[in-house]
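Down below is the structure, laid out as structure tokens.
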Amino acid sequence: MSSEALAPRRVAAGLNGRALLAWARDYGIVVALLALCAFFAIATDTFLTERNLINLAQQSAEPGLLAAGMTLVIIAGEFDLSVGAILGFAAVVAAYIANEAGLALAVAVAVAVGAGLGAINGTIVTRLRIQSFLATLATQFVIVGVAIYLTDSTNSFRVNDFLGFQKFANTELLGIQSKAWIALAGFVAIWAVLRATRYGRQVYAVGGNEAAARVAGVRVRLIKASVFVVSGLMAGLAGAIAVSDTGVAQADGGLGAEFTAIAAVIIGGTSISGGRGGVWRTLAGVLLLAVVANGLTLLHISPTYDQLLQGGIILTAILLDALLKRKASR
Amino acid sequence: MNAASIPRAFKPRAGVFELAGLFSLLLLFIVLSLASDAFLSKDNLLNVLQANADIGIAACAGTLVIVAGGIDLSVGAIYAVAGVLSAKLAISTGVGAGVIAGVLAGALLGLLNGLVVTAGRVNPLIATLAGAIVFTGAAEVLADQELLTPTAAGFVDLGRNSLIGVKYSVWLLVIAALVFGFLLSRARFGREVRVVGSNPEAARLSGIAVNRVRCITYVLSGLAAAVAGVLAVSQAGQAQSNIGGIPYVLAVVAAIAVGGTSLRGGEGAVWRTIIGVLFLGLVNNGLGLLNVDPLYNQFFTGLLILIAVSGEIFARRTAGRVAT
């Protein structure tokens, strides 16, 4: 929070080198995102078209929801490796309920199931005191296993009324599909919670200095458990969107998405050691990853090079971030 | 404090809990022997070792990384790079060149991880996660969406031939366990690794080159993952860019954690990791013999990680309470 306050100071002090470094550290992600957009806008005719930008927003919905939830977890000083598994689990449940009882209930149950699985994660981390990295790695395995069991070991589950269920994620509003609006709502909600509520301040406090937070009367375990519930809830929502998009729920379909979500949070500049960061940063991180993938496709670069180039950009961003942090704090 | 009232002989000691992993492994062994006729045969037990050799080799070296307070999430990607590179060179240039280049590439990528962590001062989780993405990309570029099938006899022999009835890969696992076990528990380097992991500041003050120690652990981890990748490819006789990957990383980390090495760093042992590898290997083998669909292997692995780790934590807390 204090780091966000550094920006106005730059204006007062003029282009003082140290303040500039601090500014670059805090808003580097935005500069990088804009620079990439400018580059692709010049390099291709197709990047800066309405259709493509809308596509970008829509494709970012699922990873965005996962990353938004992950931001809260990481600010609280924890990790959630199970979000991809929860996505698949919730998708299977949503498809099943959709066939039995209809769309609205399916979405509600998917979200509730996601939150419930998150609560289990939170309980394991805070009560059994297993490190969250390991605990959620284990629950990832267990959740995918149960999800596969729910599909009668076929690993996938089909929605009968696909056209009906499609409406949830693909209804257009102002020319943009509802899933993008849902993801945006998720970001705004978490942003508001972190920014303006006592709970949000407590999440920062727990991640920044657990012992101090405890002394100050924050119920550390409850706060820690709650961030997993939020993260699970977001993953549940993403699962419902996934089924709505394709009409098929795949039990292990979300695996790997947890690492993309973590990458987006980190690229945005939220501190991995907890206590610092913000969800708008994560939004920028998600968009940056999407822009890179999209731009590379538009440049007709063979998909073989996708991962290498993306990884190179991520690694550069991380190294630059570490360097700027050191220089600015010196 | 209450401990004073407990007769001395009944005080559990930390030493008993140290061996909890070993007891669990023995128990599982006995249960499986009773539950399945096919379990207790030389062939089946060798199968277990062979099927898990590639995970075990990287897990032995990975133990050093974790004890030094780091973590290596890029072993799956290094495994892929080494496997693909060795297959490619074995086809185009020669078997020796392929194997050596594959293994060296692993050490080099490990060094890169080490430099990003130490010189770049990036959190190891992030550094090796980013590393994993880059290295996977490198494997994809190397493989160029092809399925490489090296057929040279010398190459496939590595993974398929045996010495005294035991596959080379198992021998390499034994060597890895002995070498890394010696390094961590008996050598001066191991002591430095433990100090760096438990208290980097104290390590620095006592004159240990913290960054160098950390860096070396990543090089060893990369090297071991590469050996595992080359072995796996020579055994399968084919390589693709998607081998190893995240499932391999998770298997390696799970084996280390189930063995009882703390992910917080500072303590742990290679023999524990071997117990972890065997434990998870026996579980998968047992489920197969009991005709459980392999789709559920990960489910049971996950449950067992939770049980093993929470048991470990509970045991330590109890032991700690009695001891003080």
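If you're wondering about the labels, chains in the structure tokens are A, B, ... by order shown, residues count from 1 in each chain, ligands from 1 in order shown.
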
Provide as a PyMOL selection string the residues of chain A at most 8 Å from chain B, counting only C-alpha atoms. chain A and resi 128-131+134-135+137-146+148+153+256+259+263+266+272+304-312+314-315+318-319+322-323

Residues from last step as file, C-alpha atoms, as a compact mmCIF listing (two decimals), in the first residue's frame:
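Output below, filename part-v4.txt:
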```
# COMPACT_ATOMS: atom_id res chain seq x y z
CA LEU A 128 -3.09 -29.39 10.15
CA ARG A 129 -0.47 -26.68 9.59
CA ILE A 130 0.82 -28.18 6.37
CA GLN A 131 2.56 -25.65 4.15
CA LEU A 134 2.38 -28.95 -0.32
CA ALA A 135 -1.16 -29.14 1.06
CA LEU A 137 -0.52 -29.95 -4.24
CA ALA A 138 -1.96 -32.95 -2.40
CA THR A 139 -5.56 -31.74 -2.53
CA GLN A 140 -5.08 -31.10 -6.25
CA PHE A 141 -4.44 -34.82 -6.71
CA VAL A 142 -7.36 -35.79 -4.48
CA ILE A 143 -9.82 -33.36 -6.09
CA VAL A 144 -8.98 -34.50 -9.63
CA GLY A 145 -9.33 -38.11 -8.46
CA VAL A 146 -12.82 -37.52 -7.07
CA ILE A 148 -12.72 -38.44 -12.37
CA SER A 153 -13.81 -42.87 -14.89
CA GLY A 256 -1.76 -26.54 -15.27
CA PHE A 259 0.74 -22.16 -12.76
CA ALA A 263 2.66 -16.47 -13.27
CA ILE A 266 3.84 -12.52 -10.14
CA ILE A 272 5.43 -13.67 -3.54
CA THR A 304 6.50 -24.08 -31.60
CA TYR A 305 8.14 -20.87 -30.39
CA ASP A 306 5.17 -19.69 -28.27
CA GLN A 307 6.29 -21.12 -24.99
CA LEU A 308 9.94 -20.15 -25.38
CA LEU A 309 9.09 -16.54 -26.20
CA GLN A 310 6.44 -16.32 -23.48
CA GLY A 311 8.81 -17.83 -20.97
CA GLY A 312 11.55 -15.44 -22.04
CA ILE A 314 8.12 -13.74 -18.11
CA LEU A 315 11.72 -14.37 -17.02
CA ILE A 318 10.82 -11.16 -13.16
CA LEU A 319 14.52 -10.34 -13.35
CA ALA A 322 13.96 -7.96 -8.85
CA LEU A 323 16.58 -5.51 -10.15
```

Residues near range 103-111 of chain A, anyone? I mean within 9 Å using only C-alpha atoms, not counting same-chain ones fewer than 3 positions away, as a PyMOL selection string. chain A and resi 87+89-100+114-116+164-165+168+232-241

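Closest approach to Val75 in chain B from the set B:Gln240, B:Asn113, B:Ser41, B:Ser24 is made by B:Asn113, with distances taken over only C-alpha atoms.
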
Find the spatial neighbours of Gly83 in chain B, counting only C-alpha atoms, within a cut-off of 10 Å - ignore same-chain residues fewer than 6 positions away - and output them as a PDB file with N, CA and C atoms, in the first residue's frame.
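Everything below was put into result04.pdb:
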```pdb
ATOM      1  N   ALA B  77      10.897 -29.876 -16.899  1.00  0.00           N
ATOM      2  CA  ALA B  77      11.259 -29.259 -18.169  1.00  0.00           C
ATOM      3  C   ALA B  77      12.685 -29.618 -18.558  1.00  0.00           C
ATOM      4  N   GLY B  98      25.015 -37.511 -27.955  1.00  0.00           N
ATOM      5  CA  GLY B  98      23.654 -37.286 -27.483  1.00  0.00           C
ATOM      6  C   GLY B  98      23.570 -37.345 -25.972  1.00  0.00           C
ATOM      7  N   VAL B  99      24.140 -38.415 -25.428  1.00  0.00           N
ATOM      8  CA  VAL B  99      24.048 -38.606 -23.977  1.00  0.00           C
ATOM      9  C   VAL B  99      24.782 -37.489 -23.241  1.00  0.00           C
ATOM     10  N   GLY B 102      22.995 -34.124 -23.619  1.00  0.00           N
ATOM     11  CA  GLY B 102      21.763 -34.091 -22.831  1.00  0.00           C
ATOM     12  C   GLY B 102      22.055 -33.810 -21.366  1.00  0.00           C
ATOM     13  N   VAL B 103      23.014 -34.543 -20.825  1.00  0.00           N
ATOM     14  CA  VAL B 103      23.337 -34.397 -19.406  1.00  0.00           C
ATOM     15  C   VAL B 103      23.939 -33.026 -19.120  1.00  0.00           C
ATOM     16  N   GLY B 106      21.431 -30.300 -19.021  1.00  0.00           N
ATOM     17  CA  GLY B 106      20.729 -30.272 -17.739  1.00  0.00           C
ATOM     18  C   GLY B 106      21.503 -29.490 -16.695  1.00  0.00           C
ATOM     19  N   ALA B 139      12.484 -27.142 -25.239  1.00  0.00           N
ATOM     20  CA  ALA B 139      12.251 -28.533 -25.646  1.00  0.00           C
ATOM     21  C   ALA B 139      11.332 -28.580 -26.862  1.00  0.00           C
ATOM     22  N   ALA B 143      12.344 -30.158 -30.401  1.00  0.00           N
ATOM     23  CA  ALA B 143      11.610 -31.295 -30.962  1.00  0.00           C
ATOM     24  C   ALA B 143      10.875 -30.904 -32.240  1.00  0.00           C
ATOM     25  N   LEU B 148      10.586 -38.003 -31.912  1.00  0.00           N
ATOM     26  CA  LEU B 148      11.925 -38.471 -32.250  1.00  0.00           C
ATOM     27  C   LEU B 148      12.066 -39.934 -31.827  1.00  0.00           C
ATOM     28  N   ALA B 225      18.132 -34.452 -13.121  1.00  0.00           N
ATOM     29  CA  ALA B 225      16.911 -34.487 -13.918  1.00  0.00           C
ATOM     30  C   ALA B 225      17.239 -34.838 -15.363  1.00  0.00           C
ATOM     31  N   ALA B 226      18.379 -34.336 -15.847  1.00  0.00           N
ATOM     32  CA  ALA B 226      18.782 -34.627 -17.224  1.00  0.00           C
ATOM     33  C   ALA B 226      19.129 -36.102 -17.384  1.00  0.00           C
ATOM     34  N   VAL B 227      19.859 -36.657 -16.419  1.00  0.00           N
ATOM     35  CA  VAL B 227      20.174 -38.084 -16.468  1.00  0.00           C
ATOM     36  C   VAL B 227      18.871 -38.886 -16.525  1.00  0.00           C
ATOM     37  N   ALA B 228      17.908 -38.497 -15.690  1.00  0.00           N
ATOM     38  CA  ALA B 228      16.617 -39.192 -15.661  1.00  0.00           C
ATOM     39  C   ALA B 228      15.919 -39.088 -17.017  1.00  0.00           C
ATOM     40  N   GLY B 229      15.965 -37.890 -17.624  1.00  0.00           N
ATOM     41  CA  GLY B 229      15.308 -37.692 -18.910  1.00  0.00           C
ATOM     42  C   GLY B 229      15.935 -38.538 -20.010  1.00  0.00           C
ATOM     43  N   VAL B 230      17.267 -38.549 -20.040  1.00  0.00           N
ATOM     44  CA  VAL B 230      17.968 -39.333 -21.062  1.00  0.00           C
ATOM     45  C   VAL B 230      17.635 -40.822 -20.884  1.00  0.00           C
ATOM     46  N   LEU B 231      17.667 -41.288 -19.640  1.00  0.00           N
ATOM     47  CA  LEU B 231      17.348 -42.699 -19.363  1.00  0.00           C
ATOM     48  C   LEU B 231      15.943 -43.045 -19.830  1.00  0.00           C
ATOM     49  N   ALA B 232      14.984 -42.161 -19.493  1.00  0.00           N
ATOM     50  CA  ALA B 232      13.592 -42.437 -19.834  1.00  0.00           C
ATOM     51  C   ALA B 232      13.417 -42.526 -21.345  1.00  0.00           C
ATOM     52  N   VAL B 233      14.075 -41.603 -22.063  1.00  0.00           N
ATOM     53  CA  VAL B 233      13.943 -41.599 -23.522  1.00  0.00           C
ATOM     54  C   VAL B 233      14.597 -42.840 -24.120  1.00  0.00           C
ATOM     55  N   SER B 234      15.754 -43.223 -23.582  1.00  0.00           N
ATOM     56  CA  SER B 234      16.411 -44.403 -24.150  1.00  0.00           C
ATOM     57  C   SER B 234      15.588 -45.656 -23.860  1.00  0.00           C
ATOM     58  N   GLN B 238      11.772 -43.289 -27.684  1.00  0.00           N
ATOM     59  CA  GLN B 238      11.163 -42.145 -28.359  1.00  0.00           C
ATOM     60  C   GLN B 238      11.117 -40.930 -27.443  1.00  0.00           C
ATOM     61  N   ALA B 239      11.110 -39.751 -28.056  1.00  0.00           N
ATOM     62  CA  ALA B 239      11.065 -38.523 -27.268  1.00  0.00           C
ATOM     63  C   ALA B 239      10.153 -37.502 -27.916  1.00  0.00           C
ATOM     64  N   GLN B 240       9.430 -36.794 -27.062  1.00  0.00           N
ATOM     65  CA  GLN B 240       8.561 -35.702 -27.491  1.00  0.00           C
ATOM     66  C   GLN B 240       8.782 -34.561 -26.521  1.00  0.00           C
ATOM     67  N   SER B 241       8.357 -33.361 -26.896  1.00  0.00           N
ATOM     68  CA  SER B 241       8.622 -32.241 -25.992  1.00  0.00           C
ATOM     69  C   SER B 241       7.757 -32.291 -24.731  1.00  0.00           C
ATOM     70  N   ILE B 243       7.305 -34.778 -22.609  1.00  0.00           N
ATOM     71  CA  ILE B 243       7.667 -35.720 -21.545  1.00  0.00           C
ATOM     72  C   ILE B 243       8.053 -34.932 -20.300  1.00  0.00           C
ATOM     73  N   GLY B 244       8.077 -35.601 -19.163  1.00  0.00           N
ATOM     74  CA  GLY B 244       8.434 -34.927 -17.910  1.00  0.00           C
ATOM     75  C   GLY B 244       7.346 -33.963 -17.488  1.00  0.00           C
TER      76      GLY B 244
END
```

If DSSP is run on the backbone, what residues of range 59-124 of chain B are helix (DSSP H, G or I)? A reply as a ChimeraX atom specification would be ideal. /B:59-67,75-92,95-118,124

Strand (DSSP E or B) positions in range 14-196 of chain B, given as a PyMOL selection string: chain B and resi 148+162-163+166-167

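Between CA of Val170 in chain B and CA of Asn285 in chain B there is a distance of 16.3 Å.
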
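Of the listed residues A:Phe47, A:Phe79, A:Tyr149, A:Phe187, the one whose atoms come nearest to Gly118 in chain A is A:Phe79, with distances taken using only C-alpha atoms.
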
Do you have the CA of Val193 in chain A-CA of Thr171 in chain A distance handy? 27.4 Å

Give me the residues within 12 Å of Ala59 in chain B as an MDAnalysis selection string, counting only C-alpha atoms and dropping any in the same chain fewer than 3 places off. chainID B and resid 52:56 62:67 71:73 75:76 173 176:177 180:181 220:225 227:228 248:259 261 269:278

Let me see the file: selected residues, C-alpha atoms, as an mmCIF file, in the first residue's frame.
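Output file selection-v7.cif is given in full below:
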```cif
data_model
loop_
_atom_site.group_PDB
_atom_site.id
_atom_site.type_symbol
_atom_site.label_atom_id
_atom_site.label_comp_id
_atom_site.auth_asym_id
_atom_site.auth_seq_id
_atom_site.Cartn_x
_atom_site.Cartn_y
_atom_site.Cartn_z
ATOM 1 C CA ASN B 52 10.391 -45.042 -10.288
ATOM 2 C CA ALA B 53 14.106 -44.762 -11.015
ATOM 3 C CA ASP B 54 13.725 -41.584 -13.054
ATOM 4 C CA ILE B 55 11.703 -39.891 -10.307
ATOM 5 C CA GLY B 56 14.119 -41.112 -7.645
ATOM 6 C CA GLY B 62 16.246 -32.238 -5.357
ATOM 7 C CA THR B 63 16.554 -33.057 -1.653
ATOM 8 C CA LEU B 64 19.748 -30.988 -1.542
ATOM 9 C CA VAL B 65 17.974 -28.052 -3.202
ATOM 10 C CA ILE B 66 15.149 -28.190 -0.679
ATOM 11 C CA VAL B 67 17.419 -28.638 2.350
ATOM 12 C CA ILE B 71 12.938 -25.641 -4.569
ATOM 13 C CA ASP B 72 13.309 -26.713 -8.183
ATOM 14 C CA LEU B 73 10.068 -26.692 -10.165
ATOM 15 C CA VAL B 75 13.098 -30.554 -13.200
ATOM 16 C CA GLY B 76 10.289 -31.735 -15.472
ATOM 17 C CA LEU B 173 19.300 -44.629 -8.802
ATOM 18 C CA ALA B 176 22.504 -41.228 -7.044
ATOM 19 C CA ALA B 177 21.239 -42.192 -3.581
ATOM 20 C CA PHE B 180 23.886 -37.416 -2.897
ATOM 21 C CA GLY B 181 23.347 -39.126 0.462
ATOM 22 C CA LEU B 220 23.155 -30.978 -9.288
ATOM 23 C CA SER B 221 19.372 -30.998 -9.535
ATOM 24 C CA GLY B 222 19.492 -30.076 -13.225
ATOM 25 C CA LEU B 223 22.147 -32.695 -13.860
ATOM 26 C CA ALA B 224 20.138 -35.437 -12.135
ATOM 27 C CA ALA B 225 16.911 -34.487 -13.918
ATOM 28 C CA VAL B 227 20.174 -38.084 -16.468
ATOM 29 C CA ALA B 228 16.617 -39.192 -15.661
ATOM 30 C CA TYR B 248 7.119 -35.233 -13.094
ATOM 31 C CA VAL B 249 7.867 -32.176 -10.929
ATOM 32 C CA LEU B 250 4.965 -32.966 -8.659
ATOM 33 C CA ALA B 251 6.044 -36.605 -8.330
ATOM 34 C CA VAL B 252 9.573 -35.531 -7.375
ATOM 35 C CA VAL B 253 8.440 -32.939 -4.829
ATOM 36 C CA ALA B 254 5.861 -35.362 -3.409
ATOM 37 C CA ALA B 255 8.489 -38.075 -2.922
ATOM 38 C CA ILE B 256 10.792 -35.674 -1.077
ATOM 39 C CA ALA B 257 7.983 -34.359 1.118
ATOM 40 C CA VAL B 258 6.475 -37.762 1.917
ATOM 41 C CA GLY B 259 9.931 -38.936 2.964
ATOM 42 C CA THR B 261 12.240 -33.631 4.373
ATOM 43 C CA ALA B 269 18.072 -36.582 4.231
ATOM 44 C CA VAL B 270 18.436 -38.495 0.993
ATOM 45 C CA TRP B 271 17.514 -41.829 2.614
ATOM 46 C CA ARG B 272 14.202 -40.246 3.582
ATOM 47 C CA THR B 273 13.623 -39.305 -0.036
ATOM 48 C CA ILE B 274 14.338 -42.886 -1.102
ATOM 49 C CA ILE B 275 11.694 -44.037 1.387
ATOM 50 C CA GLY B 276 9.309 -41.480 -0.114
ATOM 51 C CA VAL B 277 10.023 -42.698 -3.648
ATOM 52 C CA LEU B 278 9.538 -46.345 -2.645
#
```

Polymer residues at most 12 Å from Ile262 in chain A, only C-alpha atoms, same-chain spacing of 3 or more positions, as a PyMOL selection string: (chain A and resi 63-75+78-84+133+231+256-259+265-272+282+285-286+289+314) or (chain B and resi 125-126+129-130)
